[in-house]
$ cat model-v3.cif   # mmCIF, C-alpha atoms
data_input
#
loop_
_atom_site.label_atom_id
_atom_site.label_comp_id
_atom_site.auth_asym_id
_atom_site.auth_seq_id
_atom_site.Cartn_x
_atom_site.Cartn_y
_atom_site.Cartn_z
CA MET A 254 -63.69 -84.02 -8.28
CA ARG A 255 -60.80 -86.47 -8.07
CA VAL A 256 -57.02 -86.08 -8.03
CA ILE A 257 -54.72 -88.04 -10.31
CA GLU A 258 -51.01 -88.24 -9.47
CA LEU A 259 -48.79 -88.45 -12.56
CA ASN A 260 -45.12 -89.39 -12.49
CA LYS A 261 -42.11 -87.35 -13.44
CA SER A 262 -38.66 -88.20 -14.68
CA VAL A 263 -35.87 -86.03 -13.32
CA THR A 264 -32.21 -85.64 -14.22
CA GLU A 265 -29.84 -85.61 -11.23
CA SER A 266 -26.07 -85.17 -10.61
CA ASN A 267 -26.40 -81.40 -10.56
CA ASP A 268 -25.84 -81.03 -6.82
CA LEU A 269 -22.08 -81.47 -6.83
CA ASP A 270 -21.68 -78.99 -9.71
CA ALA A 271 -23.75 -76.52 -7.73
CA LYS A 272 -21.68 -76.96 -4.58
CA ASN A 273 -18.44 -76.50 -6.52
CA LEU A 274 -19.66 -73.34 -8.20
CA ARG A 275 -20.84 -71.91 -4.87
CA ASP A 276 -17.48 -72.68 -3.23
CA GLU A 277 -15.51 -71.03 -6.04
CA LEU A 278 -17.64 -67.91 -5.91
CA THR A 279 -17.34 -67.74 -2.13
CA LYS A 280 -13.54 -67.82 -2.45
CA ALA A 281 -13.76 -64.98 -4.96
CA LYS A 282 -16.06 -63.05 -2.56
CA VAL A 283 -18.83 -62.90 -5.15
CA CYS A 284 -22.38 -63.52 -3.92
CA LEU A 285 -24.59 -65.25 -6.48
CA ILE A 286 -28.32 -64.57 -6.24
CA ASN A 287 -30.78 -66.78 -8.12
CA LEU A 288 -33.81 -64.62 -8.93
CA MET A 289 -36.94 -66.54 -9.89
CA SER A 290 -40.49 -65.53 -10.83
CA SER A 291 -43.35 -65.82 -13.30
CA PRO A 292 -43.10 -64.00 -16.61
CA GLY A 293 -44.09 -60.37 -16.24
CA SER A 294 -43.59 -60.16 -12.48
CA GLY A 295 -41.30 -57.15 -12.79
CA LYS A 296 -37.90 -58.86 -12.28
CA THR A 297 -36.08 -56.59 -14.71
CA THR A 298 -37.78 -53.43 -13.47
CA LEU A 299 -36.85 -54.31 -9.88
CA LEU A 300 -33.26 -55.03 -10.91
CA LYS A 301 -32.89 -51.81 -12.86
CA ARG A 302 -34.05 -49.68 -9.94
CA THR A 303 -31.93 -51.67 -7.45
CA ILE A 304 -28.79 -51.29 -9.57
CA THR A 305 -29.34 -47.56 -9.96
CA ASP A 306 -30.07 -47.02 -6.25
CA LEU A 307 -26.99 -49.00 -5.13
CA LYS A 308 -24.58 -48.01 -7.88
CA ASP A 309 -22.03 -46.52 -5.45
CA LYS A 310 -22.25 -49.41 -2.99
CA ILE A 311 -22.53 -52.68 -4.90
CA ARG A 312 -21.00 -53.70 -8.23
CA PHE A 313 -23.64 -55.86 -9.89
CA GLY A 314 -23.34 -58.29 -12.79
CA VAL A 315 -26.42 -59.86 -14.29
CA VAL A 316 -26.88 -63.16 -16.14
CA GLU A 317 -30.18 -62.95 -18.03
CA ALA A 318 -31.60 -66.37 -18.84
CA ASP A 319 -34.38 -66.50 -21.40
CA ILE A 320 -35.57 -68.86 -24.05
CA ALA A 321 -35.39 -66.02 -26.58
CA SER A 322 -34.75 -62.27 -26.97
CA ASP A 323 -32.16 -60.03 -25.36
CA VAL A 324 -34.40 -57.14 -24.31
CA ASP A 325 -33.66 -57.64 -20.61
CA ALA A 326 -29.87 -57.70 -20.93
CA ILE A 327 -29.99 -54.52 -23.01
CA ALA A 328 -32.19 -52.82 -20.40
CA ILE A 329 -29.80 -53.82 -17.62
CA GLU A 330 -26.74 -52.52 -19.47
CA GLU A 331 -28.48 -49.20 -19.98
CA ASN A 332 -28.59 -48.97 -16.18
CA GLY A 333 -24.84 -49.34 -15.87
CA ALA A 334 -24.35 -52.94 -14.72
CA LYS A 335 -22.62 -55.46 -16.90
CA SER A 336 -24.79 -58.26 -18.16
CA ILE A 337 -24.87 -61.30 -20.38
CA GLN A 338 -27.84 -62.98 -22.06
CA VAL A 339 -28.10 -66.75 -21.94
CA HIS A 340 -30.53 -68.51 -24.27
CA THR A 341 -31.72 -71.83 -22.92
CA ASP A 342 -33.06 -73.06 -26.30
CA GLY A 343 -36.47 -73.85 -24.93
CA MET A 344 -35.36 -75.23 -21.58
CA CYS A 345 -37.41 -74.01 -18.68
CA HIS A 346 -34.71 -73.73 -16.03
CA MET A 347 -31.01 -73.09 -15.40
CA ASP A 348 -28.87 -75.80 -13.83
CA ALA A 349 -25.47 -75.36 -12.18
CA GLY A 350 -23.49 -76.09 -15.35
CA MET A 351 -25.42 -73.53 -17.37
CA THR A 352 -25.12 -71.01 -14.54
CA ARG A 353 -21.37 -71.56 -14.30
CA ARG A 354 -21.00 -70.84 -17.99
CA GLY A 355 -23.10 -67.68 -17.74
CA VAL A 356 -21.32 -66.37 -14.66
CA PHE A 357 -17.79 -66.96 -15.93
CA GLU A 358 -18.53 -65.63 -19.41
CA LEU A 359 -19.90 -62.54 -17.66
CA GLY A 360 -16.65 -62.34 -15.64
CA ILE A 361 -16.57 -62.10 -11.84
CA GLU A 362 -13.35 -60.15 -11.22
CA ASP A 363 -15.07 -56.76 -10.88
CA ILE A 364 -18.41 -57.59 -9.25
CA ASP A 365 -19.72 -58.02 -5.71
CA ILE A 366 -23.09 -59.55 -6.48
CA ALA A 367 -23.92 -61.65 -9.52
CA VAL A 368 -27.64 -61.97 -10.20
CA LEU A 369 -28.96 -64.87 -12.22
CA GLU A 370 -32.29 -63.75 -13.67
CA ASN A 371 -33.66 -67.25 -14.09
CA VAL A 372 -36.17 -68.31 -16.76
CA GLY A 373 -39.66 -66.89 -16.01
CA ASN A 374 -41.44 -69.84 -14.50
CA LEU A 375 -42.44 -70.97 -10.98
CA ILE A 376 -41.89 -74.68 -11.49
CA CYS A 377 -38.70 -75.95 -13.09
CA PRO A 378 -36.26 -73.38 -11.64
CA ALA A 379 -37.22 -74.49 -8.11
CA GLU A 380 -36.01 -78.02 -8.84
CA PHE A 381 -32.39 -77.26 -9.69
CA ASP A 382 -29.65 -75.94 -7.42
CA THR A 383 -27.93 -73.35 -9.60
CA GLY A 384 -25.00 -72.90 -7.25
CA ALA A 385 -26.41 -69.63 -5.91
CA HIS A 386 -25.75 -68.55 -2.33
CA VAL A 387 -29.19 -67.01 -2.04
CA ASN A 388 -32.50 -67.87 -3.71
CA VAL A 389 -34.96 -65.04 -4.17
CA MET A 390 -38.46 -65.25 -5.56
CA ILE A 391 -40.54 -62.42 -6.93
CA LEU A 392 -44.32 -62.49 -6.67
CA SER A 393 -46.20 -59.57 -8.19
CA ILE A 394 -49.45 -58.36 -6.66
CA PRO A 395 -51.51 -58.94 -9.87
CA GLU A 396 -50.62 -62.66 -9.83
CA GLY A 397 -52.79 -63.17 -6.77
CA ASP A 398 -52.47 -64.24 -3.16
CA ASP A 399 -53.12 -67.95 -3.84
CA LYS A 400 -49.74 -68.66 -5.44
CA PRO A 401 -48.13 -70.25 -2.34
CA LEU A 402 -50.80 -72.98 -2.52
CA LYS A 403 -50.08 -73.66 -6.16
CA TYR A 404 -46.28 -73.51 -6.21
CA PRO A 405 -45.30 -74.78 -2.75
CA LEU A 406 -41.83 -76.00 -3.76
CA MET A 407 -40.77 -72.57 -5.03
CA PHE A 408 -42.05 -70.78 -1.92
CA SER A 409 -40.42 -73.41 0.35
CA MET A 410 -36.92 -73.13 -1.06
CA VAL A 411 -36.33 -69.39 -1.21
CA ASP A 412 -34.46 -67.22 1.27
CA ALA A 413 -36.36 -64.08 0.38
CA LEU A 414 -39.64 -63.18 -1.30
CA VAL A 415 -39.98 -59.80 -2.98
CA VAL A 416 -43.61 -58.79 -3.52
CA THR A 417 -43.55 -56.38 -6.47
CA LYS A 418 -45.99 -53.89 -8.04
CA TYR A 419 -47.07 -53.03 -4.51
CA ASP A 420 -48.50 -49.74 -5.78
CA THR A 421 -51.24 -51.70 -7.62
CA LYS A 422 -52.54 -53.28 -4.42
CA SER A 423 -55.70 -51.18 -4.41
CA PHE A 424 -56.57 -52.53 -7.86
CA PHE A 425 -56.43 -56.21 -6.98
CA ASN A 426 -58.02 -58.24 -4.19
CA PHE A 427 -54.63 -59.26 -2.83
CA ASP A 428 -54.98 -60.44 0.77
CA GLU A 429 -51.51 -59.85 2.25
CA ASP A 430 -52.20 -61.56 5.57
CA LYS A 431 -53.53 -64.69 3.89
CA CYS A 432 -50.65 -64.81 1.42
CA TYR A 433 -47.83 -64.22 3.90
CA GLU A 434 -49.32 -66.66 6.38
CA ALA A 435 -49.34 -69.37 3.70
CA VAL A 436 -45.75 -68.49 2.78
CA LYS A 437 -44.55 -68.60 6.39
CA LYS A 438 -46.26 -71.96 6.88
CA LEU A 439 -44.19 -73.37 4.00
CA ASN A 440 -41.07 -71.46 4.92
CA PRO A 441 -40.89 -69.99 8.45
CA ASN A 442 -37.52 -68.25 7.94
CA VAL A 443 -38.20 -66.49 4.65
CA ARG A 444 -37.70 -62.72 4.52
CA ILE A 445 -40.58 -60.89 2.81
CA PHE A 446 -40.07 -57.52 1.09
CA PRO A 447 -43.15 -55.75 -0.32
CA VAL A 448 -41.85 -53.17 -2.81
CA SER A 449 -42.84 -50.85 -5.62
CA ALA A 450 -39.98 -50.16 -8.02
CA LYS A 451 -42.22 -47.42 -9.43
CA THR A 452 -42.92 -45.42 -6.27
CA GLY A 453 -39.87 -46.61 -4.31
CA GLU A 454 -41.95 -47.94 -1.42
CA GLY A 455 -40.13 -50.72 0.44
CA MET A 456 -36.98 -50.47 -1.69
CA ASN A 457 -34.85 -49.46 1.31
CA GLU A 458 -35.43 -52.69 3.23
CA TRP A 459 -34.70 -54.78 0.13
CA GLU A 460 -31.52 -52.84 -0.58
CA GLU A 461 -30.36 -53.14 3.04
CA TYR A 462 -30.77 -56.88 2.67
CA LEU A 463 -28.52 -56.87 -0.41
CA LEU A 464 -25.90 -54.74 1.38
CA GLY A 465 -25.96 -57.35 4.15
CA LEU A 466 -25.37 -60.14 1.64
CA LYS A 467 -22.34 -58.30 0.24
CA LYS A 468 -20.99 -57.70 3.74
CA ASP A 469 -21.35 -61.36 4.69
CA MET A 470 -19.22 -62.67 1.81
CA MET B 98 -23.38 -57.99 -23.92
CA ARG B 99 -23.07 -61.41 -25.56
CA VAL B 100 -25.47 -64.27 -26.18
CA ILE B 101 -24.71 -67.89 -25.30
CA GLU B 102 -26.78 -70.67 -26.87
CA LEU B 103 -27.25 -73.67 -24.59
CA ASN B 104 -28.60 -77.03 -25.73
CA LYS B 105 -31.74 -78.86 -24.76
CA SER B 106 -32.73 -82.49 -24.66
CA VAL B 107 -36.28 -83.20 -25.74
CA THR B 108 -38.49 -86.27 -25.50
CA GLU B 109 -40.41 -87.13 -28.69
CA SER B 110 -43.01 -89.74 -29.82
CA ASN B 111 -45.86 -87.69 -28.40
CA ASP B 112 -47.22 -86.59 -31.78
CA LEU B 113 -48.96 -89.83 -32.67
CA ASP B 114 -50.60 -90.04 -29.23
CA ALA B 115 -51.83 -86.49 -29.73
CA LYS B 116 -53.27 -87.22 -33.18
CA ASN B 117 -55.06 -90.33 -31.89
CA LEU B 118 -56.60 -88.46 -28.95
CA ARG B 119 -57.75 -85.64 -31.23
CA ASP B 120 -59.35 -88.10 -33.68
CA GLU B 121 -61.20 -89.94 -30.92
CA LEU B 122 -62.55 -86.72 -29.47
CA THR B 123 -63.61 -85.50 -32.92
CA LYS B 124 -65.61 -88.70 -33.42
CA ALA B 125 -67.26 -88.10 -30.03
CA LYS B 126 -68.01 -84.47 -31.06
CA VAL B 127 -66.07 -83.12 -28.10
CA CYS B 128 -63.85 -80.12 -28.73
CA LEU B 129 -60.69 -80.08 -26.60
CA ILE B 130 -59.20 -76.66 -25.81
CA ASN B 131 -55.68 -76.41 -24.40
CA LEU B 132 -55.56 -73.25 -22.28
CA MET B 133 -52.08 -71.97 -21.49
CA SER B 134 -50.71 -69.00 -19.56
CA SER B 135 -48.40 -67.71 -16.84
CA PRO B 136 -49.34 -68.27 -13.23
CA GLY B 137 -51.81 -65.66 -12.05
CA SER B 138 -53.02 -64.59 -15.48
CA GLY B 139 -56.64 -65.13 -14.58
CA LYS B 140 -57.29 -68.47 -16.35
CA THR B 141 -59.63 -69.78 -13.66
CA THR B 142 -61.48 -66.48 -13.29
CA LEU B 143 -62.02 -66.32 -17.07
CA LEU B 144 -63.22 -69.93 -17.12
CA LYS B 145 -65.64 -69.43 -14.24
CA ARG B 146 -67.28 -66.45 -15.91
CA THR B 147 -67.36 -68.18 -19.31
CA ILE B 148 -68.98 -71.30 -17.86
CA THR B 149 -71.61 -69.25 -16.05
CA ASP B 150 -72.40 -67.06 -19.07
CA LEU B 151 -72.74 -70.05 -21.41
CA LYS B 152 -74.31 -72.53 -19.03
CA ASP B 153 -77.43 -73.01 -21.21
CA LYS B 154 -75.47 -73.28 -24.45
CA ILE B 155 -72.27 -75.28 -23.85
CA ARG B 156 -71.66 -78.20 -21.50
CA PHE B 157 -68.11 -77.70 -20.27
CA GLY B 158 -65.76 -80.13 -18.57
CA VAL B 159 -62.46 -78.93 -17.15
CA VAL B 160 -59.19 -80.77 -16.58
CA GLU B 161 -57.12 -78.70 -14.12
CA ALA B 162 -53.42 -79.45 -14.35
CA ASP B 163 -51.24 -78.19 -11.52
CA ILE B 164 -48.15 -79.30 -9.71
CA ALA B 165 -50.05 -79.03 -6.42
CA SER B 166 -53.35 -77.96 -4.82
CA ASP B 167 -56.93 -78.42 -5.99
CA VAL B 168 -58.21 -74.89 -5.45
CA ASP B 169 -58.98 -74.38 -9.16
CA ALA B 170 -60.97 -77.58 -9.63
CA ILE B 171 -63.06 -76.76 -6.57
CA ALA B 172 -63.72 -73.24 -7.89
CA ILE B 173 -64.80 -74.62 -11.26
CA GLU B 174 -67.17 -77.15 -9.74
CA GLU B 175 -68.79 -74.39 -7.71
CA ASN B 176 -69.66 -72.80 -11.05
CA GLY B 177 -71.53 -75.86 -12.22
CA ALA B 178 -69.12 -77.51 -14.67
CA LYS B 179 -67.62 -80.88 -13.94
CA SER B 180 -63.90 -80.91 -13.38
CA ILE B 181 -60.96 -83.04 -12.46
CA GLN B 182 -57.61 -82.07 -10.96
CA VAL B 183 -54.44 -83.57 -12.38
CA HIS B 184 -51.20 -83.29 -10.41
CA THR B 185 -48.13 -83.40 -12.57
CA ASP B 186 -45.72 -84.12 -9.69
CA GLY B 187 -43.45 -81.24 -10.57
CA MET B 188 -43.62 -81.59 -14.35
CA CYS B 189 -44.04 -78.29 -16.12
CA HIS B 190 -46.32 -79.38 -18.97
CA MET B 191 -49.03 -81.82 -20.04
CA ASP B 192 -48.34 -84.24 -22.89
CA ALA B 193 -50.93 -86.18 -24.91
CA GLY B 194 -50.81 -89.26 -22.69
CA MET B 195 -51.38 -87.24 -19.54
CA THR B 196 -54.14 -85.27 -21.25
CA ARG B 197 -55.86 -88.47 -22.41
CA ARG B 198 -55.90 -89.77 -18.87
CA GLY B 199 -57.32 -86.50 -17.52
CA VAL B 200 -60.00 -86.21 -20.21
CA PHE B 201 -61.23 -89.79 -19.97
CA GLU B 202 -61.21 -89.84 -16.17
CA LEU B 203 -63.29 -86.66 -16.38
CA GLY B 204 -65.65 -88.45 -18.79
CA ILE B 205 -66.67 -87.02 -22.16
CA GLU B 206 -70.15 -88.47 -22.67
CA ASP B 207 -72.00 -85.38 -21.41
CA ILE B 208 -69.77 -82.48 -22.50
CA ASP B 209 -69.40 -80.34 -25.63
CA ILE B 210 -66.12 -78.63 -24.81
CA ALA B 211 -63.35 -80.04 -22.64
CA VAL B 212 -60.89 -77.45 -21.40
CA LEU B 213 -57.41 -78.47 -20.35
CA GLU B 214 -56.17 -75.80 -17.96
CA ASN B 215 -52.49 -76.49 -18.57
CA VAL B 216 -49.71 -75.91 -16.03
CA GLY B 217 -49.06 -72.18 -15.51
CA ASN B 218 -45.97 -71.57 -17.60
CA LEU B 219 -45.22 -70.01 -21.01
CA ILE B 220 -42.44 -72.39 -22.01
CA CYS B 221 -42.88 -76.14 -21.66
CA PRO B 222 -46.61 -76.36 -22.53
CA ALA B 223 -45.88 -74.83 -25.96
CA GLU B 224 -43.56 -77.72 -26.80
CA PHE B 225 -46.04 -80.58 -26.47
CA ASP B 226 -49.07 -81.35 -28.61
CA THR B 227 -51.68 -82.31 -26.03
CA GLY B 228 -54.15 -83.60 -28.59
CA ALA B 229 -56.26 -80.46 -28.34
CA HIS B 230 -58.21 -79.16 -31.34
CA VAL B 231 -57.59 -75.57 -30.34
CA ASN B 232 -54.72 -73.92 -28.48
CA VAL B 233 -55.53 -70.78 -26.54
CA MET B 234 -53.13 -68.56 -24.66
CA ILE B 235 -53.98 -66.06 -21.97
CA LEU B 236 -51.88 -62.96 -21.48
CA SER B 237 -52.87 -60.63 -18.65
CA ILE B 238 -52.34 -56.89 -18.95
CA PRO B 239 -50.09 -56.69 -15.83
CA GLU B 240 -47.58 -59.12 -17.40
CA GLY B 241 -46.59 -56.49 -19.93
CA ASP B 242 -46.61 -55.95 -23.68
CA ASP B 243 -43.12 -57.43 -24.27
CA LYS B 244 -44.13 -61.05 -23.74
CA PRO B 245 -44.34 -61.95 -27.49
CA LEU B 246 -40.62 -61.15 -27.77
CA LYS B 247 -39.76 -63.39 -24.84
CA TYR B 248 -42.00 -66.39 -25.51
CA PRO B 249 -42.21 -66.51 -29.32
CA LEU B 250 -42.98 -70.24 -29.55
CA MET B 251 -46.06 -69.95 -27.35
CA PHE B 252 -47.40 -66.95 -29.27
CA SER B 253 -46.66 -68.67 -32.61
CA MET B 254 -48.55 -71.87 -31.93
CA VAL B 255 -51.86 -70.64 -30.54
CA ASP B 256 -55.15 -70.22 -32.39
CA ALA B 257 -56.44 -67.54 -30.06
CA LEU B 258 -55.00 -65.09 -27.56
CA VAL B 259 -57.20 -63.85 -24.73
CA VAL B 260 -55.88 -60.65 -23.14
CA THR B 261 -57.27 -60.65 -19.60
CA LYS B 262 -57.60 -58.10 -16.77
CA TYR B 263 -58.40 -55.53 -19.44
CA ASP B 264 -60.00 -53.31 -16.80
CA THR B 265 -56.54 -52.71 -15.27
CA LYS B 266 -55.17 -51.21 -18.49
CA SER B 267 -55.10 -47.68 -17.07
CA PHE B 268 -52.82 -48.88 -14.29
CA PHE B 269 -50.11 -50.39 -16.48
CA ASN B 270 -48.16 -49.04 -19.43
CA PHE B 271 -49.49 -51.75 -21.72
CA ASP B 272 -49.06 -50.72 -25.36
CA GLU B 273 -51.76 -52.71 -27.16
CA ASP B 274 -50.67 -51.72 -30.68
CA LYS B 275 -47.07 -52.72 -30.04
CA CYS B 276 -48.08 -56.00 -28.42
CA TYR B 277 -50.63 -57.08 -31.01
CA GLU B 278 -48.33 -56.13 -33.86
CA ALA B 279 -45.59 -58.36 -32.41
CA VAL B 280 -48.11 -61.17 -31.97
CA LYS B 281 -49.43 -60.86 -35.54
CA LYS B 282 -45.88 -60.92 -36.86
CA LEU B 283 -45.31 -64.28 -35.18
CA ASN B 284 -48.78 -65.56 -35.93
CA PRO B 285 -50.78 -63.73 -38.63
CA ASN B 286 -53.96 -65.80 -38.22
CA VAL B 287 -54.33 -65.62 -34.45
CA ARG B 288 -57.63 -64.31 -33.06
CA ILE B 289 -57.15 -61.76 -30.26
CA PHE B 290 -59.81 -61.23 -27.57
CA PRO B 291 -59.24 -58.44 -25.03
CA VAL B 292 -61.54 -59.20 -22.08
CA SER B 293 -62.29 -58.34 -18.49
CA ALA B 294 -63.97 -61.20 -16.64
CA LYS B 295 -64.64 -58.64 -13.90
CA THR B 296 -66.52 -55.99 -15.90
CA GLY B 297 -67.64 -58.28 -18.73
CA GLU B 298 -65.99 -56.16 -21.42
CA GLY B 299 -65.12 -58.25 -24.48
CA MET B 300 -66.65 -61.44 -23.10
CA ASN B 301 -69.28 -61.59 -25.87
CA GLU B 302 -66.74 -61.92 -28.67
CA TRP B 303 -64.83 -64.63 -26.78
CA GLU B 304 -68.02 -66.54 -26.05
CA GLU B 305 -69.16 -66.29 -29.70
CA TYR B 306 -65.83 -67.84 -30.64
CA LEU B 307 -66.48 -70.78 -28.29
CA LEU B 308 -70.00 -71.23 -29.66
CA GLY B 309 -68.45 -71.39 -33.12
CA LEU B 310 -66.03 -74.10 -31.98
CA LYS B 311 -68.90 -76.19 -30.62
CA LYS B 312 -70.87 -75.72 -33.86
CA ASP B 313 -67.88 -76.79 -35.98
CA MET B 314 -67.45 -80.16 -34.26
#

$ encode --input "model-v3.cif" --output "structure tokens"
Amino acid sequence: MRVIELNKSVTESNDLDAKNLRDELTKAKVCLINLMSSPGSGKTTLLKRTITDLKDKIRFGVVEADIASDVDAIAIEENGAKSIQVHTDGMCHMDAGMTRRGVFELGIEDIDIAVLENVGNLICPAEFDTGAHVNVMILSIPEGDDKPLKYPLMFSMVDALVVTKYDTKSFFNFDEDKCYEAVKKLNPNVRIFPVSAKTGEGMNEWEEYLLGLKKDM
Amino acid sequence: MRVIELNKSVTESNDLDAKNLRDELTKAKVCLINLMSSPGSGKTTLLKRTITDLKDKIRFGVVEADIASDVDAIAIEENGAKSIQVHTDGMCHMDAGMTRRGVFELGIEDIDIAVLENVGNLICPAEFDTGAHVNVMILSIPEGDDKPLKYPLMFSMVDALVVTKYDTKSFFNFDEDKCYEAVKKLNPNVRIFPVSAKTGEGMNEWEEYLLGLKKDM
């Protein structure tokens, strides 16, 4: 078994756009969270429960990025937060320019936390600074405990990791110790929140974290 | 809730490379399968079981594409098929040139079916013809039944859909009728194989399909 290294071509010049967006949002006291995960990890379910639980404490706005469909934005609006759907026309990530457009079309005057629900994918989104203040990754239990080995960049660059579908742990051979140890090796300062949006387990700690983010702006 | 359409930039000129690779492999009587899915959908687990079950009938070779790690290639070799790991250095897909390099470094003289385990991602891999004869997508039950709405291109372009982790169906609200109906609407001729590599349910039909592919070369 051998390993072949292939080359990539990357577009740059995004970093300044990202910094500018972050600075503007800071001035407006709006915290922007970049939420990243695989497809089907439970991003929208987590968001819906979080918005409902915190509805008297945090005014959320959600930018839903997808290559197609608007099912997520509709689901979010049904939970009482304002949202906007962004179609990336096949692109696998959001950059700072695209994020800026989403956030300002959404409107920031009446929100505390803007959540960018990035395209479902563990690769491309990790490579672009969106301008977010905080990067959060979701890993769902059914995806398996080996993901930190396979997507090291994503796990290295996030501030918090939310481990979702925690109620299904008994069904899958998910070794928490092994997984979290690999994550901490890549990223010693990451906060880890195991949660079940279904049973509510762990939601308190995650929501306290979000209240802290609002407070710090 | 509004929808914003953003633009993409795409690289082309891959189609001829793909056609040439496909023709060469056809002459060599090697069927190339491009296997695509989200991270954690159970691609490697399905492959391991398939290789073991069919070890006296099909000689498999596996090209494992990943942005990092070689855990999958090692797992495949332990099951008796030859394999090679390709690192894409952050790129989210395999194109025909990369696939050619992987397949010929693997060596095709002693295999019937070459499997390209594409990068775990439902977006970029659907946009590039790898040169494969057959495109197969894996959707795992925990990812949810709404994925055809969100990743229509992927579901439209595959010849077969393998629905994995079928033994966990009782745990998730996965509406098979709704899901398969959406898939068939995008892709009327797709073959759908619900399987559990753990319990063996459905594996026979999937393996008969592979035997048919070998026979047709």

$ resolve_selection --input "model-v3.cif" --expression "the PyMOL selection byres ((chain B) within 8 of (chain A))" --output "PDB file with C-alpha atoms, in the frame of the given file"
ATOM      1  CA  MET B  98     -23.380 -57.990 -23.920  1.00  0.00           C
ATOM      2  CA  ARG B  99     -23.070 -61.410 -25.560  1.00  0.00           C
ATOM      3  CA  VAL B 100     -25.470 -64.270 -26.180  1.00  0.00           C
ATOM      4  CA  ILE B 101     -24.710 -67.890 -25.300  1.00  0.00           C
ATOM      5  CA  GLU B 102     -26.780 -70.670 -26.870  1.00  0.00           C
ATOM      6  CA  LEU B 103     -27.250 -73.670 -24.590  1.00  0.00           C
ATOM      7  CA  ASN B 104     -28.600 -77.030 -25.730  1.00  0.00           C
ATOM      8  CA  LYS B 105     -31.740 -78.860 -24.760  1.00  0.00           C
ATOM      9  CA  SER B 135     -48.400 -67.710 -16.840  1.00  0.00           C
ATOM     10  CA  PRO B 136     -49.340 -68.270 -13.230  1.00  0.00           C
ATOM     11  CA  GLY B 137     -51.810 -65.660 -12.050  1.00  0.00           C
ATOM     12  CA  SER B 138     -53.020 -64.590 -15.480  1.00  0.00           C
ATOM     13  CA  ASP B 163     -51.240 -78.190 -11.520  1.00  0.00           C
ATOM     14  CA  ILE B 164     -48.150 -79.300  -9.710  1.00  0.00           C
ATOM     15  CA  ALA B 165     -50.050 -79.030  -6.420  1.00  0.00           C
ATOM     16  CA  SER B 166     -53.350 -77.960  -4.820  1.00  0.00           C
ATOM     17  CA  ASP B 167     -56.930 -78.420  -5.990  1.00  0.00           C
ATOM     18  CA  ALA B 170     -60.970 -77.580  -9.630  1.00  0.00           C
ATOM     19  CA  ILE B 171     -63.060 -76.760  -6.570  1.00  0.00           C
ATOM     20  CA  GLU B 174     -67.170 -77.150  -9.740  1.00  0.00           C
ATOM     21  CA  LYS B 179     -67.620 -80.880 -13.940  1.00  0.00           C
ATOM     22  CA  SER B 180     -63.900 -80.910 -13.380  1.00  0.00           C
ATOM     23  CA  ILE B 181     -60.960 -83.040 -12.460  1.00  0.00           C
ATOM     24  CA  GLN B 182     -57.610 -82.070 -10.960  1.00  0.00           C
ATOM     25  CA  VAL B 183     -54.440 -83.570 -12.380  1.00  0.00           C
ATOM     26  CA  HIS B 184     -51.200 -83.290 -10.410  1.00  0.00           C
ATOM     27  CA  THR B 185     -48.130 -83.400 -12.570  1.00  0.00           C
ATOM     28  CA  ASP B 186     -45.720 -84.120  -9.690  1.00  0.00           C
ATOM     29  CA  GLY B 187     -43.450 -81.240 -10.570  1.00  0.00           C
ATOM     30  CA  MET B 188     -43.620 -81.590 -14.350  1.00  0.00           C
ATOM     31  CA  CYS B 189     -44.040 -78.290 -16.120  1.00  0.00           C
ATOM     32  CA  MET B 195     -51.380 -87.240 -19.540  1.00  0.00           C
ATOM     33  CA  GLY B 199     -57.320 -86.500 -17.520  1.00  0.00           C
ATOM     34  CA  ASN B 218     -45.970 -71.570 -17.600  1.00  0.00           C
ATOM     35  CA  LEU B 219     -45.220 -70.010 -21.010  1.00  0.00           C
ATOM     36  CA  ILE B 220     -42.440 -72.390 -22.010  1.00  0.00           C
ATOM     37  CA  CYS B 221     -42.880 -76.140 -21.660  1.00  0.00           C
ATOM     38  CA  PRO B 239     -50.090 -56.690 -15.830  1.00  0.00           C
ATOM     39  CA  GLU B 240     -47.580 -59.120 -17.400  1.00  0.00           C
ATOM     40  CA  GLY B 241     -46.590 -56.490 -19.930  1.00  0.00           C
ATOM     41  CA  LYS B 244     -44.130 -61.050 -23.740  1.00  0.00           C
ATOM     42  CA  LEU B 246     -40.620 -61.150 -27.770  1.00  0.00           C
ATOM     43  CA  LYS B 247     -39.760 -63.390 -24.840  1.00  0.00           C
ATOM     44  CA  TYR B 248     -42.000 -66.390 -25.510  1.00  0.00           C
ATOM     45  CA  PRO B 249     -42.210 -66.510 -29.320  1.00  0.00           C
ATOM     46  CA  THR B 265     -56.540 -52.710 -15.270  1.00  0.00           C
ATOM     47  CA  PHE B 268     -52.820 -48.880 -14.290  1.00  0.00           C
TER      48      PHE B 268
END

$ resolve_selection --input "model-v3.cif" --expression "the PyMOL selection byres ((chain B and resi 113) around 12)" --output "list in words"
Glu109, Ser110, Asn111, Asp112, Asp114, Ala115, Lys116, Asn117, Leu118, Arg119, Asp120, Asp192, Ala193, Gly194, Phe225, Asp226, Thr227 and Gly228 of chain B

$ closest_residue --input "model-v3.cif" --among "A:Asp363, A:Lys422, A:Lys280, A:Leu414" --to "Tyr462 (chain A)" --atoms "all atoms listed in the file"
A:Leu414

$ closest_residue --input "model-v3.cif" --among "B:Tyr263, B:Phe271, B:Phe201, B:Tyr277" --to "Lys295 (chain B)" --atoms "all atoms listed in the file"
B:Tyr263

$ atom_distance --input "model-v3.cif" --atom1 "CA of Val448 (chain A)" --atom2 "CA of Ser267 (chain B)"
20.2 Å
